[in-house]
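**Q** Enclosed is the structure file upload.txt (compact mmCIF, C-alpha atoms).
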# COMPACT_ATOMS: atom_id res chain seq x y z
CA MET A 1 2.25 7.05 18.66
CA SER A 2 3.57 3.54 18.09
CA THR A 3 -0.03 2.23 18.07
CA GLN A 4 -0.94 4.76 15.37
CA ILE A 5 2.08 3.80 13.25
CA ASN A 6 1.29 0.11 13.60
CA SER A 7 -2.31 0.81 12.58
CA GLN A 8 -1.12 2.68 9.46
CA ASN A 9 1.29 -0.14 8.59
CA SER A 10 -1.47 -2.69 9.08
CA LEU A 11 -3.77 -0.74 6.73
CA LEU A 12 -1.07 -0.58 4.06
CA ASP A 13 -0.47 -4.32 4.38
CA ARG A 14 -4.18 -5.04 4.02
CA VAL A 15 -4.54 -3.01 0.83
CA GLY A 16 -1.37 -4.51 -0.67
CA ILE A 17 1.01 -1.51 -0.59
CA PRO A 18 4.51 -2.35 0.71
CA LYS A 19 4.74 -0.05 3.74
CA ASN A 20 8.45 0.61 3.21
CA LEU A 21 7.69 1.98 -0.30
CA ALA A 22 4.43 3.81 0.46
CA TRP A 23 5.81 7.34 -0.07
CA GLY A 24 7.05 6.26 -3.49
CA TYR A 25 3.52 5.63 -4.75
CA LEU A 26 2.61 9.23 -3.93
CA GLY A 27 5.86 10.37 -5.56
CA ILE A 28 5.03 8.50 -8.78
CA LEU A 29 1.53 10.05 -8.87
CA ILE A 30 2.92 13.60 -8.59
CA PHE A 31 5.89 13.01 -10.92
CA MET A 32 3.66 11.55 -13.64
CA MET A 33 1.20 14.43 -13.24
CA GLY A 34 4.04 16.79 -14.13
CA ASP A 35 5.21 14.58 -16.97
CA GLY A 36 1.76 14.14 -18.50
CA LEU A 37 0.35 17.63 -18.31
CA GLU A 38 0.95 18.47 -22.00
CA GLY A 39 -0.08 15.16 -23.58
CA SER A 40 -3.59 16.16 -24.65
CA TRP A 41 -2.81 19.60 -26.09
CA LEU A 42 0.85 19.92 -27.15
CA SER A 43 0.38 18.67 -30.71
CA PRO A 44 -2.55 20.96 -31.66
CA TYR A 45 -0.78 23.87 -29.90
CA LEU A 46 2.37 23.42 -31.99
CA ILE A 47 0.40 22.91 -35.19
CA GLY A 48 -1.57 26.05 -34.40
CA ARG A 49 1.71 27.96 -34.13
CA GLY A 50 2.85 26.86 -37.58
CA MET A 51 4.35 23.38 -37.37
CA THR A 52 3.15 20.77 -39.83
CA ILE A 53 1.38 17.59 -38.79
CA GLN A 54 4.37 15.60 -40.05
CA GLN A 55 6.78 17.60 -37.88
CA SER A 56 4.55 17.12 -34.85
CA ALA A 57 4.31 13.39 -35.53
CA SER A 58 8.08 13.06 -35.89
CA LEU A 59 8.52 14.94 -32.60
CA PHE A 60 6.40 12.37 -30.77
CA THR A 61 8.06 9.54 -32.67
CA ALA A 62 11.50 10.62 -31.42
CA TYR A 63 10.02 10.93 -27.94
CA GLY A 64 8.65 7.40 -28.23
CA VAL A 65 12.01 5.99 -29.32
CA THR A 66 13.82 7.37 -26.27
CA ILE A 67 11.00 6.19 -24.02
CA ALA A 68 11.45 2.68 -25.45
CA ILE A 69 15.22 2.74 -24.93
CA SER A 70 15.04 4.05 -21.38
CA SER A 71 12.20 1.67 -20.54
CA TRP A 72 14.50 -1.25 -21.32
CA PHE A 73 17.51 0.21 -19.55
CA SER A 74 15.53 1.06 -16.42
CA GLY A 75 15.25 -2.54 -15.27
CA VAL A 76 18.87 -3.54 -15.76
CA LEU A 77 20.21 -0.23 -14.41
CA VAL A 78 18.29 -0.87 -11.20
CA GLU A 79 20.11 -4.19 -10.90
CA SER A 80 23.47 -2.46 -11.31
CA TYR A 81 23.05 0.90 -9.59
CA GLY A 82 19.92 0.54 -7.47
CA PRO A 83 16.53 2.22 -7.95
CA LYS A 84 17.30 5.56 -6.31
CA LYS A 85 20.30 6.35 -8.53
CA THR A 86 18.40 5.28 -11.65
CA MET A 87 15.38 7.36 -10.64
CA LEU A 88 17.63 10.36 -9.95
CA MET A 89 19.11 9.94 -13.42
CA GLY A 90 15.59 10.08 -14.88
CA LEU A 91 14.79 13.22 -12.89
CA ILE A 92 17.92 15.01 -14.14
CA LEU A 93 17.36 14.05 -17.79
CA TYR A 94 13.73 15.13 -17.56
CA ILE A 95 14.64 18.56 -16.19
CA LEU A 96 17.41 19.08 -18.77
CA GLY A 97 15.16 18.04 -21.65
CA THR A 98 12.26 20.18 -20.45
CA ALA A 99 14.46 23.23 -19.89
CA GLY A 100 15.85 22.98 -23.42
CA PHE A 101 12.49 22.25 -25.00
CA VAL A 102 10.54 25.01 -23.24
CA GLY A 103 13.38 27.53 -22.90
CA TYR A 104 14.86 27.36 -26.40
CA GLY A 105 12.84 25.14 -28.74
CA VAL A 106 9.19 26.11 -28.29
CA PRO A 107 9.54 29.95 -28.07
CA GLN A 108 11.46 30.10 -31.35
CA LEU A 109 9.69 27.09 -32.85
CA ASP A 110 13.16 25.72 -33.63
CA TYR A 111 12.34 22.25 -34.93
CA ILE A 112 15.85 20.77 -34.53
CA ILE A 113 16.20 21.92 -30.91
CA MET A 114 12.68 20.74 -30.13
CA LEU A 115 13.33 17.32 -31.66
CA PHE A 116 16.58 16.87 -29.69
CA THR A 117 15.39 18.20 -26.33
CA TYR A 118 11.99 16.47 -26.38
CA ALA A 119 13.83 13.21 -27.09
CA ILE A 120 16.06 13.82 -24.05
CA ARG A 121 12.94 14.47 -22.00
CA GLY A 122 11.68 11.05 -23.06
CA PHE A 123 14.38 9.37 -20.98
CA GLY A 124 12.90 10.86 -17.82
CA TYR A 125 9.77 9.05 -16.74
CA PRO A 126 10.80 5.46 -17.65
CA PHE A 127 13.99 5.78 -15.58
CA PHE A 128 12.00 7.26 -12.72
CA ALA A 129 8.73 5.32 -12.73
CA TYR A 130 9.73 1.93 -14.11
CA SER A 131 12.73 1.74 -11.79
CA PHE A 132 10.31 2.11 -8.91
CA LEU A 133 8.21 -0.69 -10.42
CA VAL A 134 11.25 -2.99 -10.34
CA TRP A 135 11.76 -1.96 -6.71
CA ILE A 136 8.18 -3.05 -6.00
CA THR A 137 8.72 -6.49 -7.55
CA TYR A 138 11.66 -7.09 -5.21
CA ARG A 139 10.08 -5.83 -2.01
CA SER A 140 6.50 -7.16 -2.27
CA PRO A 141 5.39 -10.59 -0.98
CA GLN A 142 4.63 -12.96 -3.86
CA LYS A 143 1.02 -13.44 -2.77
CA LYS A 144 0.39 -9.66 -2.88
CA LEU A 145 2.57 -8.76 -5.84
CA GLY A 146 -0.36 -8.43 -8.24
CA THR A 147 -2.05 -5.99 -5.89
CA ALA A 148 1.17 -4.02 -5.33
CA VAL A 149 1.73 -3.51 -9.06
CA GLY A 150 -1.97 -2.71 -9.44
CA TRP A 151 -1.46 0.20 -7.05
CA PHE A 152 1.58 1.26 -9.11
CA TRP A 153 -0.43 1.42 -12.34
CA PHE A 154 -3.21 3.17 -10.42
CA VAL A 155 -0.94 6.09 -9.45
CA PHE A 156 1.05 5.99 -12.73
CA THR A 157 -2.02 6.27 -14.96
CA GLY A 158 -3.79 8.61 -12.56
CA GLY A 159 -0.90 11.05 -12.71
CA LEU A 160 -0.18 10.73 -16.43
CA ASN A 161 -3.67 10.64 -17.92
CA VAL A 162 -5.99 12.14 -15.31
CA PHE A 163 -4.38 14.60 -12.89
CA GLY A 164 -1.97 15.89 -15.56
CA ALA A 165 -4.85 16.58 -17.95
CA TYR A 166 -7.10 18.21 -15.36
CA TYR A 167 -4.26 20.33 -13.97
CA SER A 168 -3.24 21.53 -17.42
CA SER A 169 -6.83 22.47 -18.31
CA TRP A 170 -6.68 24.89 -15.37
CA ALA A 171 -3.06 25.97 -15.83
CA ILE A 172 -3.37 26.83 -19.53
CA GLN A 173 -6.13 29.31 -18.75
CA ASN A 174 -4.37 30.83 -15.74
CA LEU A 175 -0.65 30.46 -16.49
CA GLY A 176 -0.47 30.22 -20.28
CA TYR A 177 1.01 27.43 -22.38
CA LEU A 178 4.71 28.07 -21.78
CA ASN A 179 4.37 28.60 -18.04
CA THR A 180 2.29 25.43 -17.81
CA LEU A 181 5.16 23.55 -19.43
CA TRP A 182 7.64 25.17 -17.02
CA SER A 183 5.50 24.17 -14.06
CA SER A 184 6.08 20.51 -14.88
CA ILE A 185 9.57 20.85 -13.40
CA PHE A 186 8.09 21.89 -10.07
CA TRP A 187 5.79 18.87 -9.96
CA VAL A 188 8.45 16.31 -10.86
CA LEU A 189 10.69 17.75 -8.12
CA VAL A 190 7.87 17.36 -5.59
CA GLY A 191 7.32 13.78 -6.72
CA ALA A 192 11.04 13.07 -6.50
CA PHE A 193 11.13 14.38 -2.92
CA PHE A 194 8.55 11.81 -1.81
CA ALA A 195 10.12 8.93 -3.73
CA LEU A 196 13.84 9.62 -3.23
CA VAL A 197 14.06 11.44 0.11
CA LEU A 198 11.26 10.03 2.26
CA ILE A 199 11.79 6.36 1.35
CA LYS A 200 14.43 4.81 3.61
CA ASP A 201 14.20 1.26 2.24
CA LYS A 202 17.53 -0.41 1.41
CA PHE A 203 17.46 -2.14 -1.96
CA LYS A 204 19.21 -5.46 -2.47
CA SER A 205 19.00 -7.18 -5.84
CA ASP A 206 19.55 -10.87 -6.50
CA SER A 207 22.40 -10.22 -8.89
CA ASN A 208 24.81 -8.45 -6.52
CA ALA A 209 26.40 -6.74 -9.49
CA THR A 210 29.87 -5.31 -8.97
CA LYS A 211 31.74 -2.66 -10.87
CA THR A 212 33.47 -5.33 -12.93
CA ASN A 213 30.30 -6.97 -14.20
CA LYS A 214 27.92 -4.05 -14.78
CA SER A 215 28.21 -4.38 -18.56
CA GLU A 216 27.36 -8.06 -18.21
CA GLU A 217 24.37 -7.09 -16.09
CA LEU A 218 23.14 -4.74 -18.83
CA MET A 219 23.30 -7.61 -21.32
CA LYS A 220 21.03 -9.69 -19.11
CA GLY A 221 18.22 -7.47 -20.31
CA LEU A 222 18.61 -9.28 -23.64
CA THR A 223 19.94 -12.70 -22.65
CA VAL A 224 17.04 -13.27 -20.25
CA VAL A 225 14.75 -13.89 -23.25
CA VAL A 226 17.09 -16.68 -24.40
CA GLU A 227 17.22 -18.26 -20.95
CA GLU A 228 13.44 -17.88 -20.51
CA PRO A 229 11.61 -17.32 -23.84
CA LYS A 230 8.31 -16.76 -22.03
CA VAL A 231 9.72 -13.42 -20.87
CA LEU A 232 9.82 -12.40 -24.54
CA LEU A 233 6.18 -13.40 -24.93
CA GLY A 234 5.39 -11.21 -21.94
CA GLY A 235 7.21 -8.30 -23.59
CA ILE A 236 5.19 -8.72 -26.80
CA VAL A 237 1.94 -8.82 -24.84
CA ARG A 238 3.02 -5.66 -23.02
CA ILE A 239 3.52 -3.85 -26.34
CA ILE A 240 0.02 -4.83 -27.46
CA ASN A 241 -1.44 -3.79 -24.08
CA THR A 242 -1.16 -0.01 -24.68
CA THR A 243 -0.61 0.18 -28.45
CA ALA A 244 -4.23 1.28 -28.97
CA GLN A 245 -3.88 3.81 -26.14
CA PHE A 246 -1.24 5.65 -28.19
CA ALA A 247 -2.87 4.98 -31.57
CA PHE A 248 -6.37 6.22 -30.72
CA PRO A 249 -5.46 9.90 -30.09
CA VAL A 250 -3.88 10.09 -33.55
CA PHE A 251 -7.08 9.40 -35.50
CA LEU A 252 -10.11 8.95 -33.23
CA PRO A 253 -10.64 12.69 -32.53
CA THR A 254 -11.11 13.40 -36.23
CA TYR A 255 -13.24 10.26 -36.63
CA MET A 256 -15.46 11.34 -33.75
CA ALA A 257 -15.69 14.83 -35.28
CA THR A 258 -17.22 13.33 -38.42
CA HIS A 259 -19.96 11.97 -36.16
CA GLY A 260 -20.63 15.37 -34.61
CA PHE A 261 -18.44 15.32 -31.48
CA SER A 262 -16.40 18.40 -30.64
CA THR A 263 -12.80 18.39 -29.43
CA THR A 264 -14.02 19.29 -25.93
CA GLU A 265 -16.40 16.33 -25.90
CA TRP A 266 -13.60 14.04 -27.10
CA VAL A 267 -11.27 15.24 -24.33
CA GLN A 268 -14.02 14.60 -21.78
CA ILE A 269 -14.54 11.08 -23.12
CA TRP A 270 -10.80 10.36 -23.13
CA GLY A 271 -10.31 11.71 -19.61
CA THR A 272 -13.24 9.70 -18.25
CA ILE A 273 -11.88 6.55 -19.89
CA PHE A 274 -8.74 6.83 -17.80
CA ILE A 275 -10.56 7.67 -14.61
CA ALA A 276 -12.19 4.26 -15.06
CA ASN A 277 -8.84 2.77 -16.02
CA ILE A 278 -7.05 3.83 -12.85
CA ALA A 279 -9.86 2.43 -10.71
CA PHE A 280 -9.73 -0.90 -12.53
CA ASN A 281 -5.93 -0.98 -12.39
CA LEU A 282 -6.47 -1.46 -8.68
CA ILE A 283 -9.40 -3.84 -9.06
CA PHE A 284 -7.59 -6.12 -11.49
CA GLY A 285 -4.58 -6.24 -9.18
CA PHE A 286 -6.85 -7.91 -6.61
CA VAL A 287 -8.63 -9.99 -9.27
CA GLY A 288 -5.30 -11.27 -10.60
CA ASP A 289 -4.22 -12.41 -7.15
CA LYS A 290 -7.52 -14.29 -6.72
CA LEU A 291 -8.34 -15.70 -10.17
CA GLY A 292 -4.78 -16.08 -11.45
CA TRP A 293 -2.53 -13.60 -13.24
CA ARG A 294 -2.57 -15.43 -16.57
CA ASN A 295 -6.35 -15.94 -16.63
CA THR A 296 -6.94 -12.28 -15.84
CA ILE A 297 -4.62 -11.06 -18.61
CA MET A 298 -5.98 -13.50 -21.17
CA TRP A 299 -9.73 -13.12 -20.64
CA PHE A 300 -10.20 -9.60 -19.30
CA GLY A 301 -7.21 -7.96 -21.00
CA GLY A 302 -6.85 -9.77 -24.34
CA PHE A 303 -10.35 -10.87 -25.29
CA GLY A 304 -12.03 -8.07 -23.35
CA CYS A 305 -10.06 -5.30 -25.05
CA ALA A 306 -10.46 -6.87 -28.49
CA ILE A 307 -14.25 -6.75 -28.19
CA THR A 308 -14.48 -3.32 -26.55
CA THR A 309 -12.02 -1.76 -29.05
CA LEU A 310 -14.49 -2.58 -31.82
CA LEU A 311 -17.45 -1.54 -29.67
CA PHE A 312 -15.88 1.83 -28.91
CA PHE A 313 -15.11 2.51 -32.58
CA TYR A 314 -18.55 1.51 -33.84
CA SER A 315 -20.44 3.17 -30.97
CA PRO A 316 -21.16 6.40 -32.95
CA VAL A 317 -22.61 4.24 -35.73
CA ILE A 318 -24.70 2.23 -33.27
CA PHE A 319 -25.79 5.03 -30.92
CA GLY A 320 -25.49 8.10 -33.14
CA SER A 321 -24.68 11.31 -31.27
CA ASN A 322 -25.57 9.89 -27.85
CA PHE A 323 -22.64 11.27 -25.83
CA TRP A 324 -23.17 9.10 -22.75
CA ALA A 325 -23.50 5.87 -24.73
CA ILE A 326 -20.22 6.57 -26.57
CA MET A 327 -18.55 7.43 -23.26
CA LEU A 328 -19.81 4.19 -21.69
CA CYS A 329 -18.31 2.15 -24.53
CA GLY A 330 -15.00 3.97 -24.09
CA VAL A 331 -15.09 3.42 -20.34
CA LEU A 332 -15.60 -0.33 -20.88
CA TRP A 333 -12.47 -0.39 -23.06
CA GLY A 334 -10.48 1.61 -20.50
CA ALA A 335 -11.61 -0.65 -17.66
CA LEU A 336 -10.63 -3.84 -19.47
CA LEU A 337 -7.32 -2.28 -20.52
CA ALA A 338 -6.44 -2.68 -16.84
CA GLY A 339 -6.84 -6.43 -17.22
CA TYR A 340 -3.17 -6.50 -18.25
CA VAL A 341 -2.04 -5.22 -14.84
CA PRO A 342 -1.04 -8.69 -13.52
CA LEU A 343 1.52 -8.91 -16.34
CA SER A 344 3.88 -6.92 -14.10
CA ALA A 345 3.58 -9.68 -11.51
CA LEU A 346 3.60 -12.63 -13.92
CA VAL A 347 6.72 -11.83 -15.97
CA PRO A 348 9.24 -11.28 -13.13
CA SER A 349 7.91 -14.45 -11.50
CA LEU A 350 9.06 -16.45 -14.53
CA VAL A 351 12.69 -16.21 -13.35
CA LYS A 352 14.30 -17.17 -10.05
CA LYS A 353 16.71 -14.23 -10.08
CA ASP A 354 17.53 -11.21 -12.26
CA LYS A 355 13.96 -9.99 -11.96
CA GLY A 356 15.21 -6.58 -13.07
CA ALA A 357 16.26 -8.08 -16.40
CA ALA A 358 12.81 -9.62 -16.85
CA MET A 359 11.21 -6.31 -15.94
CA ALA A 360 13.51 -4.60 -18.45
CA ILE A 361 11.81 -6.54 -21.25
CA LEU A 362 8.40 -5.67 -19.86
CA ASN A 363 9.36 -2.01 -19.56
CA LEU A 364 10.73 -2.07 -23.10
CA GLY A 365 7.34 -3.33 -24.25
CA ALA A 366 5.64 -0.45 -22.46
CA GLY A 367 7.99 2.03 -24.12
CA LEU A 368 7.65 0.50 -27.58
CA ALA A 369 3.87 0.89 -27.41
CA VAL A 370 4.38 4.68 -27.42
CA PHE A 371 6.13 4.28 -30.77
CA VAL A 372 4.19 1.34 -32.28
CA GLY A 373 0.71 2.85 -31.79
CA PRO A 374 1.26 5.97 -33.94
CA LEU A 375 3.38 3.91 -36.36
CA ILE A 376 0.47 1.56 -37.12
CA VAL A 377 -1.74 4.55 -37.85
CA TRP A 378 0.90 6.17 -40.06
CA MET A 379 1.51 2.94 -42.01
CA PHE A 380 -2.05 1.77 -42.61
CA ILE A 381 -4.60 4.56 -42.32
CA GLY A 382 -3.98 5.80 -45.87
CA ALA A 383 -4.59 2.36 -47.35
CA ILE A 384 -7.35 0.88 -45.18
CA GLY A 385 -8.78 3.88 -43.33
CA ASN A 386 -9.92 4.29 -39.75
CA GLU A 387 -11.94 1.09 -39.77
CA GLY A 388 -9.05 -1.02 -40.99
CA VAL A 389 -6.71 0.36 -38.34
CA VAL A 390 -9.20 -0.45 -35.58
CA TRP A 391 -9.51 -4.04 -36.80
CA ILE A 392 -5.70 -4.33 -36.70
CA LEU A 393 -5.71 -3.11 -33.10
CA ALA A 394 -8.50 -5.53 -32.17
CA GLY A 395 -6.63 -8.36 -33.89
CA LEU A 396 -3.53 -7.57 -31.85
CA TYR A 397 -5.56 -7.86 -28.65
CA PHE A 398 -6.82 -11.29 -29.72
CA LEU A 399 -3.21 -12.26 -30.48
CA SER A 400 -2.12 -11.16 -27.02
CA ALA A 401 -4.72 -13.47 -25.46
CA VAL A 402 -3.36 -16.41 -27.44
CA LEU A 403 0.25 -15.58 -26.52
CA THR A 404 -0.64 -15.25 -22.83
CA ARG A 405 -1.92 -18.84 -22.89
CA PHE A 406 1.72 -19.96 -23.24
CA ILE A 407 3.14 -17.78 -20.43
CA THR A 408 3.02 -20.44 -17.71
CA LEU A 409 4.85 -20.13 -14.41
CA PRO A 410 7.59 -22.61 -13.50
CA ASP A 411 6.71 -25.00 -10.67
CA ASN A 412 8.96 -23.17 -8.20
CA ALA A 413 7.10 -19.90 -8.77
CA LYS A 414 3.53 -21.18 -8.53
CA THR A 415 1.42 -19.98 -5.65
CA ALA A 416 -2.04 -20.91 -4.52
CA HIS A 417 -3.69 -18.06 -6.40
CA VAL A 418 -2.36 -18.96 -9.84
CA SER A 419 -5.34 -21.24 -10.52
CA GLU A 420 -3.33 -24.09 -12.01
CA PRO A 421 -5.10 -27.47 -11.72
CA GLU A 422 -2.22 -29.21 -10.00
CA ILE A 423 -2.13 -26.74 -7.11
CA GLN A 424 -5.81 -26.12 -6.51
CA ALA A 425 -5.87 -28.86 -3.90
CA ILE A 426 -3.15 -27.22 -1.81
CA PRO A 427 -4.74 -25.89 1.38
CA VAL A 428 -4.45 -22.16 1.98
CA ASN A 429 -4.21 -21.07 5.60
Starting from the file, give its structure as structure tokens.
**A**
Amino acid sequence: MSTQINSQNSLLDRVGIPKNLAWGYLGILIFMMGDGLEGSWLSPYLIGRGMTIQQSASLFTAYGVTIAISSWFSGVLVESYGPKKTMLMGLILYILGTAGFVGYGVPQLDYIIMLFTYAIRGFGYPFFAYSFLVWITYRSPQKKLGTAVGWFWFVFTGGLNVFGAYYSSWAIQNLGYLNTLWSSIFWVLVGAFFALVLIKDKFKSDSNATKTNKSEELMKGLTVVVEEPKVLLGGIVRIINTTAQFAFPVFLPTYMATHGFSTTEWVQIWGTIFIANIAFNLIFGFVGDKLGWRNTIMWFGGFGCAITTLLFFYSPVIFGSNFWAIMLCGVLWGALLAGYVPLSALVPSLVKKDKGAAMAILNLGAGLAVFVGPLIVWMFIGAIGNEGVVWILAGLYFLSAVLTRFITLPDNAKTAHVSEPEIQAIPVN
């Protein structure tokens, strides 16, 4: 038995998963599957029942605002209360918000209740998932941190964008829309069991926050950008990372329809994009540890996404109604979107302590992307059209590559894989 356990631990070490947090990765996958099951169909479902497009957009805007707020708080709350308590808080808020939204708002199509309860639901997954990400940054060896966070984004995206979508496509047909929404509570509870009950790891932060300085600890989520401005650059790059991911679904389905693609074909393209993305989340975790976190973000993430964003948009013009060619262009964009994965290793490595505060800025960037993506579409599509919006998104990716050039690690944080000239001569055993 002990030989089998040691073999399992050795396998986890080799692939870069911290063995003391292994159950949590499975928990995040299942939790995010429950959280993401309605993402691809909720808006058209509500519009089909009588809501206006503007009401639907404002619903997701409120959801994005609370995601942004809780994404920031997740990092600093972990420093003060520990990851398990913060994750439990996210679970409770998710269940309360879902119960109100599905039990009272959706059946009556009560817009005010829906707006309020869906916003509460938005606090759920950042507290749960991003708190676990902070936990990973504390408990992973520096030389394998890029790989460890790559595995996190693998299960996070796989649950949110792939398993959630495929499960809901089955559940809608067999359970109905409302029961599918109710079933999300079951899945998040299963995920929470793996992450909160089966993990026995004891968390110790660098801050050692006490009851008398918890408010000060919360402020570190802001003051860290003054102490280390490069953390702020990392937060801006993180916003840009997934801005297009939340902007595309607002206008690309109708754009693709003008080129002859049905809603079903669009959903298939979008789902396949993120199957590629979750695979490359893992690949770019390894690549970042070998080629350097900053180089990976800058060249594969920034420049790569800028080029493939334009390629994806213009693919119907170039290839006509060739479904597989359009899908391939989308898959290239989704794969290179994973080039930003090492950002979750780079930013917390900028500071000696208070890594949770640095991660809070990164998590805030992730949350703001949910809001900024649709906002860009809302602000500019009327004036400059689909094409203009896509060029804005591509320009932001180019900007992120330039900003990443200035996110350099301090000497005390550099490791042999960072690919800095002054450390290339250091022998690696």
**Q** Tell me which protein, DNA and RNA residues are within 9 Å of Ile269 in chain A, counting only C-alpha atoms, leaving out same-chain ones fewer than 3 positions away, and put them as a list in words.
**A**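 The filter keeps Thr264, Glu265, Trp266, Thr272, Ile273, Phe274, Phe323, Trp324, Ile326, Met327, Leu328, Gly330 and Val331 of chain A.
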**Q** Rank A:Leu350, A:Ala306, A:Val372, A:Ala338 by their smallest atom-to-atom distance to Leu393 in chain A, using all atoms listed in the file, and report the top residue only.
**A**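 The answer is A:Ala306, which sits nearest to Leu393 in chain A.
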**Q** I need the residue nearest Met298 in chain A from this list: A:Tyr130, A:Phe156, A:Phe398, A:Trp270. Use all atoms listed in the file for the distance.
**A**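 Of A:Tyr130, A:Phe156, A:Phe398, A:Trp270, the one nearest Met298 in chain A, counting all atoms listed in the file, is A:Phe398.
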**Q** From the set A:Gly271, A:Gly395, A:Gly320, A:Gly301, which residue has the shortest atom-to-atom contact distance to Ala335 in chain A, counting all atoms listed in the file?
**A**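 When distances to Ala335 in chain A are compared using all atoms listed in the file, the smallest one comes from A:Gly301.
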**Q** CA of Ala68 in chain A and CA of Leu42 in chain A are how many Å apart?
**A** 20.3 Å
**Q** Work out how far CA of Gly124 in chain A is from CA of Val226 in chain A, in Å to one decimal.
**A** 28.6 Å
**Q** For a quick check of understanding, using only C-alpha atoms, which of A:Thr223, A:Ser315, A:Asn174, A:Ser140 has the smallest distance to Ala357 in chain A?
**A**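 Using only C-alpha atoms, the shortest distance to Ala357 in chain A belongs to A:Thr223.
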**Q** What lies within 7 Å of Pro374 in chain A using all atoms listed in the file, ignoring chain neighbours under 4 positions off, as a PyMOL selection string?
**A** chain A and resi 246-247+250+378
**Q** Which residue is closest to Pro229 in chain A? Choose from A:Trp23, A:Tyr397, A:Leu11, A:Leu409 and count all atoms listed in the file.
**A**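 Checking each candidate against Pro229 in chain A, we get A:Leu409 as the closest.
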**Q** Within 9 Å of Phe248 in chain A, counting only C-alpha atoms, which residues show up once you throw out same-chain ones fewer than 3 positions away? Write them as a PyMOL selection string, please.
**A** chain A and resi 243-245+251-253+373-374+377+390
**Q** Do you have, as a Markdown table, the list of residues of range 118-225 of chain A lying at most 12 Å from range 26-35 of chain A, each with its nearest atom pair and that distance in Å to one decimal, counting only C-alpha atoms and ordered by chain then number?
**A**
| residue | atom | partner | partner_atom | distance |
| --- | --- | --- | --- | --- |
| A:Tyr118 | CA | A:Asp35 | CA | 11.8 |
| A:Arg121 | CA | A:Asp35 | CA | 9.2 |
| A:Gly122 | CA | A:Asp35 | CA | 9.6 |
| A:Phe123 | CA | A:Asp35 | CA | 11.3 |
| A:Gly124 | CA | A:Asp35 | CA | 8.6 |
| A:Tyr125 | CA | A:Asp35 | CA | 7.2 |
| A:Pro126 | CA | A:Met32 | CA | 10.2 |
| A:Phe127 | CA | A:Ile28 | CA | 11.6 |
| A:Phe128 | CA | A:Ile28 | CA | 8.1 |
| A:Ala129 | CA | A:Ile28 | CA | 6.3 |
| A:Tyr130 | CA | A:Ile28 | CA | 9.7 |
| A:Ser131 | CA | A:Ile28 | CA | 10.7 |
| A:Phe132 | CA | A:Ile28 | CA | 8.3 |
| A:Leu133 | CA | A:Ile28 | CA | 9.9 |
| A:Trp151 | CA | A:Leu26 | CA | 10.4 |
| A:Phe152 | CA | A:Ile28 | CA | 8.0 |
| A:Trp153 | CA | A:Leu29 | CA | 9.5 |
| A:Phe154 | CA | A:Leu29 | CA | 8.5 |
| A:Val155 | CA | A:Leu29 | CA | 4.7 |
| A:Phe156 | CA | A:Leu29 | CA | 5.6 |
| A:Thr157 | CA | A:Met32 | CA | 7.9 |
| A:Gly158 | CA | A:Leu29 | CA | 6.6 |
| A:Gly159 | CA | A:Met33 | CA | 4.0 |
| A:Leu160 | CA | A:Met32 | CA | 4.8 |
| A:Asn161 | CA | A:Met33 | CA | 7.7 |
| A:Val162 | CA | A:Met33 | CA | 7.8 |
| A:Phe163 | CA | A:Met33 | CA | 5.6 |
| A:Gly164 | CA | A:Met33 | CA | 4.2 |
| A:Ala165 | CA | A:Met33 | CA | 8.0 |
| A:Tyr166 | CA | A:Met33 | CA | 9.4 |
| A:Tyr167 | CA | A:Met33 | CA | 8.1 |
| A:Ser168 | CA | A:Gly34 | CA | 9.3 |
| A:Ala171 | CA | A:Gly34 | CA | 11.7 |
| A:Thr180 | CA | A:Gly34 | CA | 9.6 |
| A:Leu181 | CA | A:Gly34 | CA | 8.7 |
| A:Trp182 | CA | A:Gly34 | CA | 9.6 |
| A:Ser183 | CA | A:Gly34 | CA | 7.5 |
| A:Ser184 | CA | A:Gly34 | CA | 4.3 |
| A:Ile185 | CA | A:Gly34 | CA | 6.9 |
| A:Phe186 | CA | A:Gly34 | CA | 7.7 |
| A:Trp187 | CA | A:Gly34 | CA | 5.0 |
| A:Val188 | CA | A:Phe31 | CA | 4.2 |
| A:Leu189 | CA | A:Phe31 | CA | 7.3 |
| A:Val190 | CA | A:Ile30 | CA | 6.9 |
| A:Gly191 | CA | A:Gly27 | CA | 3.9 |
| A:Ala192 | CA | A:Gly27 | CA | 5.9 |
| A:Phe193 | CA | A:Gly27 | CA | 7.1 |
| A:Phe194 | CA | A:Gly27 | CA | 4.8 |
| A:Ala195 | CA | A:Gly27 | CA | 4.9 |
| A:Leu196 | CA | A:Gly27 | CA | 8.3 |
| A:Val197 | CA | A:Gly27 | CA | 10.0 |
| A:Leu198 | CA | A:Gly27 | CA | 9.5 |
| A:Ile199 | CA | A:Gly27 | CA | 9.9 |
**Q** May I have the residues at most 12 Å from (-4.0, 19.8, -34.3) in the file's coordinates, counting all atoms listed in the file, as a VMD selection string?
**A** chain A and resid 40 to 57 249 to 251 253 to 254 263
